[in-house]
Amino acid sequence: MDIFFTNTLTRKKEVFKPIDEKEVRIYSCGPTVYKDATIGNMRTSIFQDVLRRVLRYNGYKIKHVMNITDVGHLVSDGDEGEDKMIKSAREEHKSPAEIADYYTKLFFEDLKNLNIETPEIVCKATDHIPDMLKYVETLMEKGYAYETSTAIYFDISKLDKYPVLSNLNLEEQKAGARVEVDPEKKSPYDFALWIKAPENHLMKWDSPWGPSYPGWHIECSAMGQKYLGEQFDIHTGGIDLIPTHHENEIAQSKGYCGKVPARYWLHGEYLLINGGKMSKSLGNVYLLRDIINRGYSPLAYRLFSYSSHYRNKLNFTWEGIEASQKSLERLKQGYQAHLNGKDEVEDEKVNEYEERFHKAINDDLNMPLAMGVVWEVIRNDKKSPKLAKLLLKFDSVLGLKIDEKEEIKQEIPKEILELIEERKKAREDKNWEESDRIRDLIKEKGYEIKDTKEGTEVRFLGTED
Ligand code: AMP
Ligand code: ZN
């Protein structure tokens with residue numbers, strides 16, 4: 001059965017034809033490991049995991065590369081501002097490497113909790129400095145880059161066309177109020193490939209241009225080329241990456257070898273919170289841990305993400321998660337009912353369900369439509385192990401572990417555990433007033449405690465949205 005993808009590069013829904021007929025090569029832009037990954041980041045990770053699973057459902061082998069950005073991503077996403085890693089290291093009084101290790105570990109914990117498969121190759125930017133340097137040197141030799149007193153820039157005027165992926169109108173934008181930090185840039189859209197490091201810069205490497213560090217875009221071009229070749233099948237990321245990061249990756253690759261690095265570009269839309277943007281200042285940045293700490297299964301979030309097509313916005317609400325948790329439980333019960341059923345179900349019916357599910361997932365990963373078929377199977381009056389087997393097959397794409405018993409790991413935040421310890425000390429000192437004060441404080445933070453013979457029990461009450 002044909003697979004269709006909406007390709008950002010052509011702005012069309014197209015039949016997918018891989019370069020190699022057996023193995024699909026994919027590159028996904030991974031996290032910048034300077035802070036906790038949000039449930040928005042995780043929405044993009046789930047979409048990428050579904051893509052892998054759908055390709056495998058169709059019989060393909062997969063070679064999937066995901067990078068870990070631990071250098072070069074500036075706070076502006078462009079050429080302005082501080083490196084996100086260094087900013088975070090300064091704020092948390094740690095080294096950039098410590099920050100990277102810490103947040104990389106948390107990122108993979110989230111992936112595991114969401115039953116997201118680890119890509120075949122996970123590569124860290126700082127492990128690939130020589131590859132990036134070689135790439136930039138080649139661009140220099142071929143005349144696609146130039147040096148200023150602060151950086152090595154890519155010269156977009158050398159390309160036949162820029163932009164190719166986004167709808168940027170360069171003339172209109174140029175007339176706008178873009179403040180340029182480096183007046184030596186030939187065009188405001190030239191971008192940094194390599195940046196000369198100021199005196200006390202924390203991350204820098206020797207290069208023909210002195211101590212310096214890579215730009216963000218070059219890492220994906222260099223690592224993509226290294227592990228997947230000059231041209232591979234699919235490149236993915238969130239929609240925010242289209243106008244700068246992915247546009248510039250394409251520019252670099254065209255300069256390096258004359259090719260657009262991937263044939264299909266798939267972009268996931270944003271997760272909104274209560275209809276708006278997730279932002280620190282609005283206090284509505286949610287992590288997967290927040291969902292788990294409220295007593296929900298992380299897989300309820302995975303199921304929740306199927307309520308919208310990956311190319312549409314999805315609005316997160318706690319009511320939505322509550323409903324998804326119940327749906328997940330009903331899915332598991334429904335699976336068990338079929339497993340233990342004794343009814344006869346015709347093969348034709350089973351095949352019809354399978355075909356409709358397959359068609360839905362192959363239609364640009366239409367998970368809301370696919371879930372419709374899943375629910376029809378669950379609700380089928382006749383209960384049969386044949387349908388349980390079919391549901392398990394579907395679950396190879398859904399990744400919801402429908403055959404496993406629910407296990408919710410509720411983590412108590414460190415802050416609450418410390419308060420409980422403090423309260424214990426107050427009680428040992430018979431300081432009842434202090435003990436009550438701490439109990440109230442814990443309650444304000446959304447947790448209830450109960451003293452039992454075995455110790456203190458903690459229960460999450462929930463907080464206001
Ligand atoms: P960042 O940590 O901001 O560099 O983002 C890492 C990845 O997550 C990128 O591919 C973003 O497009 C994606 N992402 C960030 N915020 C959201 C969101 N609210 N919804 C969906 N994807 C997001
Ligand atoms: Zn990238």
# chains A, B, ... in the order shown; residues from 1 in each chain; ligands from 1
>>> residues_near_ligand(ligand="ligand 1", cutoff="6 Å", atoms="only C-alpha atoms and all ligand atoms", output="list in words")
Pro31, Thr32, Gly40, Asn41, Arg43, Thr44, Gly237, Gly238, Ile239, Asp240, Leu241, Glu269, Tyr270, Leu271 and Leu272 of chain A
>>> residues_near_ligand(ligand="ligand 2", cutoff="9 Å", atoms="only C-alpha atoms and all ligand atoms", output="PyMOL selection string")
chain A and resi 27-31+66-67+69+216-221+224+235-237+241+245-246+249
>>> atom_distance(atom1="CA of Glu444 in chain A", atom2="CA of Thr317 in chain A")
21.6 Å
>>> residues_around(residues="Leu303 in chain A", least_positions_apart="4", cutoff="8 Å", atoms="only C-alpha atoms", output="PyMOL selection string")
chain A and resi 299+307+324+328+398+400
>>> write_last_selection(atoms="N, CA and C atoms", output="short mmCIF file (atom, residue, chain, number, x, y, z; two decimals), in the first residue's frame")
data_model
loop_
_atom_site.label_atom_id
_atom_site.label_comp_id
_atom_site.auth_asym_id
_atom_site.auth_seq_id
_atom_site.Cartn_x
_atom_site.Cartn_y
_atom_site.Cartn_z
N LEU A 299 1.59 7.44 29.05
CA LEU A 299 1.00 6.97 27.79
C LEU A 299 -0.38 7.58 27.53
N SER A 307 -5.20 12.79 19.25
CA SER A 307 -6.50 13.42 19.02
C SER A 307 -6.42 14.50 17.94
N SER A 324 -8.18 11.18 28.28
CA SER A 324 -7.28 10.22 27.62
C SER A 324 -6.89 9.09 28.56
N LEU A 328 -7.45 5.27 27.74
CA LEU A 328 -6.36 4.28 27.77
C LEU A 328 -6.81 3.06 28.57
N LEU A 398 0.74 2.33 17.56
CA LEU A 398 0.25 3.24 18.61
C LEU A 398 1.25 3.38 19.76
N LEU A 400 1.06 2.04 22.75
CA LEU A 400 0.36 2.33 24.00
C LEU A 400 0.43 1.18 25.02
#
>>> residues_around(residues="Gln333 in chain A", least_positions_apart="3", cutoff="10 Å", atoms="only C-alpha atoms", output="mmCIF file with N, CA, C and O atoms, in the first residue's frame")
data_model
loop_
_atom_site.group_PDB
_atom_site.id
_atom_site.type_symbol
_atom_site.label_atom_id
_atom_site.label_comp_id
_atom_site.auth_asym_id
_atom_site.auth_seq_id
_atom_site.Cartn_x
_atom_site.Cartn_y
_atom_site.Cartn_z
ATOM 1 N N SER A 327 -9.673 6.754 28.468
ATOM 2 C CA SER A 327 -9.673 6.043 27.185
ATOM 3 C C SER A 327 -8.606 4.956 27.167
ATOM 4 O O SER A 327 -8.834 3.863 26.658
ATOM 5 N N LEU A 328 -7.454 5.266 27.736
ATOM 6 C CA LEU A 328 -6.361 4.281 27.769
ATOM 7 C C LEU A 328 -6.807 3.056 28.567
ATOM 8 O O LEU A 328 -6.575 1.912 28.156
ATOM 9 N N GLU A 329 -7.472 3.310 29.684
ATOM 10 C CA GLU A 329 -7.949 2.198 30.497
ATOM 11 C C GLU A 329 -8.977 1.377 29.730
ATOM 12 O O GLU A 329 -8.968 0.150 29.762
ATOM 13 N N ARG A 330 -9.868 2.076 29.003
ATOM 14 C CA ARG A 330 -10.896 1.361 28.220
ATOM 15 C C ARG A 330 -10.260 0.552 27.083
ATOM 16 O O ARG A 330 -10.719 -0.528 26.754
ATOM 17 N N GLN A 336 -8.407 -6.875 26.617
ATOM 18 C CA GLN A 336 -8.558 -8.081 27.454
ATOM 19 C C GLN A 336 -9.859 -8.806 27.136
ATOM 20 O O GLN A 336 -9.898 -10.037 27.090
ATOM 21 N N ALA A 337 -10.924 -8.033 26.909
ATOM 22 C CA ALA A 337 -12.229 -8.650 26.609
ATOM 23 C C ALA A 337 -12.126 -9.478 25.333
ATOM 24 O O ALA A 337 -12.641 -10.606 25.272
ATOM 25 N N HIS A 338 -11.441 -8.957 24.330
ATOM 26 C CA HIS A 338 -11.273 -9.736 23.093
ATOM 27 C C HIS A 338 -10.373 -10.960 23.327
ATOM 28 O O HIS A 338 -10.649 -12.041 22.825
ATOM 29 N N LEU A 339 -9.335 -10.746 24.124
ATOM 30 C CA LEU A 339 -8.384 -11.839 24.374
ATOM 31 C C LEU A 339 -9.096 -13.030 25.018
ATOM 32 O O LEU A 339 -8.813 -14.187 24.708
ATOM 33 N N ILE A 378 -12.476 -2.255 19.217
ATOM 34 C CA ILE A 378 -12.714 -2.410 20.665
ATOM 35 C C ILE A 378 -14.205 -2.637 20.935
ATOM 36 O O ILE A 378 -14.595 -3.500 21.711
ATOM 37 N N ILE A 402 -1.018 -1.735 25.086
ATOM 38 C CA ILE A 402 -2.393 -2.060 25.485
ATOM 39 C C ILE A 402 -2.509 -3.426 26.160
ATOM 40 O O ILE A 402 -3.494 -3.705 26.819
ATOM 41 N N ASP A 403 -1.488 -4.250 26.009
ATOM 42 C CA ASP A 403 -1.550 -5.582 26.639
ATOM 43 C C ASP A 403 -0.916 -5.596 28.019
ATOM 44 O O ASP A 403 -0.860 -6.623 28.668
ATOM 45 N N LYS A 405 -0.552 -4.255 32.066
ATOM 46 C CA LYS A 405 -1.317 -3.671 33.175
ATOM 47 C C LYS A 405 -0.829 -2.241 33.396
ATOM 48 O O LYS A 405 0.355 -1.945 33.264
#
>>> closest_atom_pairs(of="range 345-441 of chain A", to="range 445-449 of chain A", cutoff="8 Å", atoms="only C-alpha atoms", output="JSON lines")
{"residue": "A:Ile416", "atom": "CA", "partner": "A:Tyr447", "partner_atom": "CA", "distance": 8.0}
{"residue": "A:Arg439", "atom": "CA", "partner": "A:Ile449", "partner_atom": "CA", "distance": 7.2}
{"residue": "A:Leu441", "atom": "CA", "partner": "A:Lys445", "partner_atom": "CA", "distance": 6.4}
>>> write_last_selection(atoms="all heavy atoms", output="mmCIF file, in the first residue's frame")
data_model
loop_
_atom_site.group_PDB
_atom_site.id
_atom_site.type_symbol
_atom_site.label_atom_id
_atom_site.label_comp_id
_atom_site.auth_asym_id
_atom_site.auth_seq_id
_atom_site.Cartn_x
_atom_site.Cartn_y
_atom_site.Cartn_z
ATOM 1 N N ILE A 416 8.972 18.658 47.991
ATOM 2 C CA ILE A 416 7.986 18.140 48.947
ATOM 3 C C ILE A 416 8.662 17.149 49.895
ATOM 4 O O ILE A 416 8.432 17.170 51.106
ATOM 5 C CB ILE A 416 6.811 17.453 48.187
ATOM 6 C CG1 ILE A 416 6.135 18.440 47.215
ATOM 7 C CG2 ILE A 416 5.786 16.846 49.155
ATOM 8 C CD1 ILE A 416 5.407 19.600 47.859
ATOM 9 N N ARG A 439 2.945 21.372 57.241
ATOM 10 C CA ARG A 439 1.853 20.598 56.638
ATOM 11 C C ARG A 439 1.004 21.507 55.726
ATOM 12 O O ARG A 439 0.638 21.126 54.606
ATOM 13 C CB ARG A 439 0.970 19.994 57.730
ATOM 14 C CG ARG A 439 -0.255 19.276 57.154
ATOM 15 C CD ARG A 439 -1.333 19.092 58.208
ATOM 16 N NE ARG A 439 -0.938 18.117 59.224
ATOM 17 C CZ ARG A 439 -1.213 16.818 59.135
ATOM 18 N NH1 ARG A 439 -1.878 16.355 58.109
ATOM 19 N NH2 ARG A 439 -0.851 15.985 60.080
ATOM 20 N N LEU A 441 1.934 24.271 54.305
ATOM 21 C CA LEU A 441 2.735 24.668 53.143
ATOM 22 C C LEU A 441 2.714 23.559 52.086
ATOM 23 O O LEU A 441 2.562 23.809 50.881
ATOM 24 C CB LEU A 441 4.179 24.945 53.606
ATOM 25 C CG LEU A 441 5.132 25.520 52.571
ATOM 26 C CD1 LEU A 441 4.640 26.877 52.085
ATOM 27 C CD2 LEU A 441 6.536 25.676 53.169
#
>>> select_by_dssp(residues="range 215-416 of chain A", states="alpha helix (DSSP H)", output="number ranges by chain")
A: 216-228, 247-257, 288-293, 298-305, 318-339, 347-362, 367-379, 385-398, 414-416
>>> residues_around(residues="Asn167 in chain A", least_positions_apart="3", cutoff="8 Å", atoms="only C-alpha atoms", output="VMD selection string")
chain A and resid 163 to 164 243
>>> decode(residues="range 350-365 of chain A", atoms="N, CA and C atoms", output="JSON list (two decimals), in the first residue's frame")
[["chain", "number", "residue", "atom", "x", "y", "z"],
["A", 350, "VAL", "N", -11.95, -8.94, 9.90],
["A", 350, "VAL", "CA", -10.63, -8.61, 10.46],
["A", 350, "VAL", "C", -9.80, -7.89, 9.40],
["A", 351, "ASN", "N", -9.82, -8.43, 8.18],
["A", 351, "ASN", "CA", -9.03, -7.82, 7.10],
["A", 351, "ASN", "C", -9.53, -6.42, 6.74],
["A", 352, "GLU", "N", -10.83, -6.26, 6.84],
["A", 352, "GLU", "CA", -11.39, -4.93, 6.51],
["A", 352, "GLU", "C", -10.91, -3.88, 7.53],
["A", 353, "TYR", "N", -10.95, -4.27, 8.81],
["A", 353, "TYR", "CA", -10.44, -3.35, 9.84],
["A", 353, "TYR", "C", -8.98, -3.03, 9.58],
["A", 354, "GLU", "N", -8.21, -4.09, 9.28],
["A", 354, "GLU", "CA", -6.76, -3.91, 9.11],
["A", 354, "GLU", "C", -6.50, -2.96, 7.96],
["A", 355, "GLU", "N", -7.23, -3.15, 6.89],
["A", 355, "GLU", "CA", -6.99, -2.33, 5.71],
["A", 355, "GLU", "C", -7.31, -0.86, 5.97],
["A", 356, "ARG", "N", -8.41, -0.64, 6.72],
["A", 356, "ARG", "CA", -8.79, 0.76, 7.00],
["A", 356, "ARG", "C", -7.77, 1.44, 7.93],
["A", 357, "PHE", "N", -7.29, 0.67, 8.90],
["A", 357, "PHE", "CA", -6.27, 1.22, 9.81],
["A", 357, "PHE", "C", -5.00, 1.54, 9.02],
["A", 358, "HIS", "N", -4.60, 0.58, 8.20],
["A", 358, "HIS", "CA", -3.38, 0.74, 7.40],
["A", 358, "HIS", "C", -3.48, 1.96, 6.48],
["A", 359, "LYS", "N", -4.65, 2.10, 5.88],
["A", 359, "LYS", "CA", -4.85, 3.23, 4.97],
["A", 359, "LYS", "C", -4.76, 4.57, 5.72],
["A", 360, "ALA", "N", -5.31, 4.58, 6.92],
["A", 360, "ALA", "CA", -5.29, 5.82, 7.73],
["A", 360, "ALA", "C", -3.86, 6.21, 8.10],
["A", 361, "ILE", "N", -3.10, 5.25, 8.59],
["A", 361, "ILE", "CA", -1.73, 5.61, 9.01],
["A", 361, "ILE", "C", -0.86, 5.96, 7.80],
["A", 362, "ASN", "N", -1.16, 5.33, 6.66],
["A", 362, "ASN", "CA", -0.37, 5.64, 5.45],
["A", 362, "ASN", "C", -0.77, 6.97, 4.81],
["A", 363, "ASP", "N", -1.91, 7.49, 5.24],
["A", 363, "ASP", "CA", -2.34, 8.78, 4.71],
["A", 363, "ASP", "C", -1.74, 9.88, 5.58],
["A", 364, "ASP", "N", -0.46, 10.13, 5.41],
["A", 364, "ASP", "CA", 0.24, 11.18, 6.15],
["A", 364, "ASP", "C", 0.04, 11.04, 7.66],
["A", 365, "LEU", "N", 0.16, 9.81, 8.14],
["A", 365, "LEU", "CA", 0.07, 9.50, 9.58],
["A", 365, "LEU", "C", -1.21, 10.06, 10.20]]
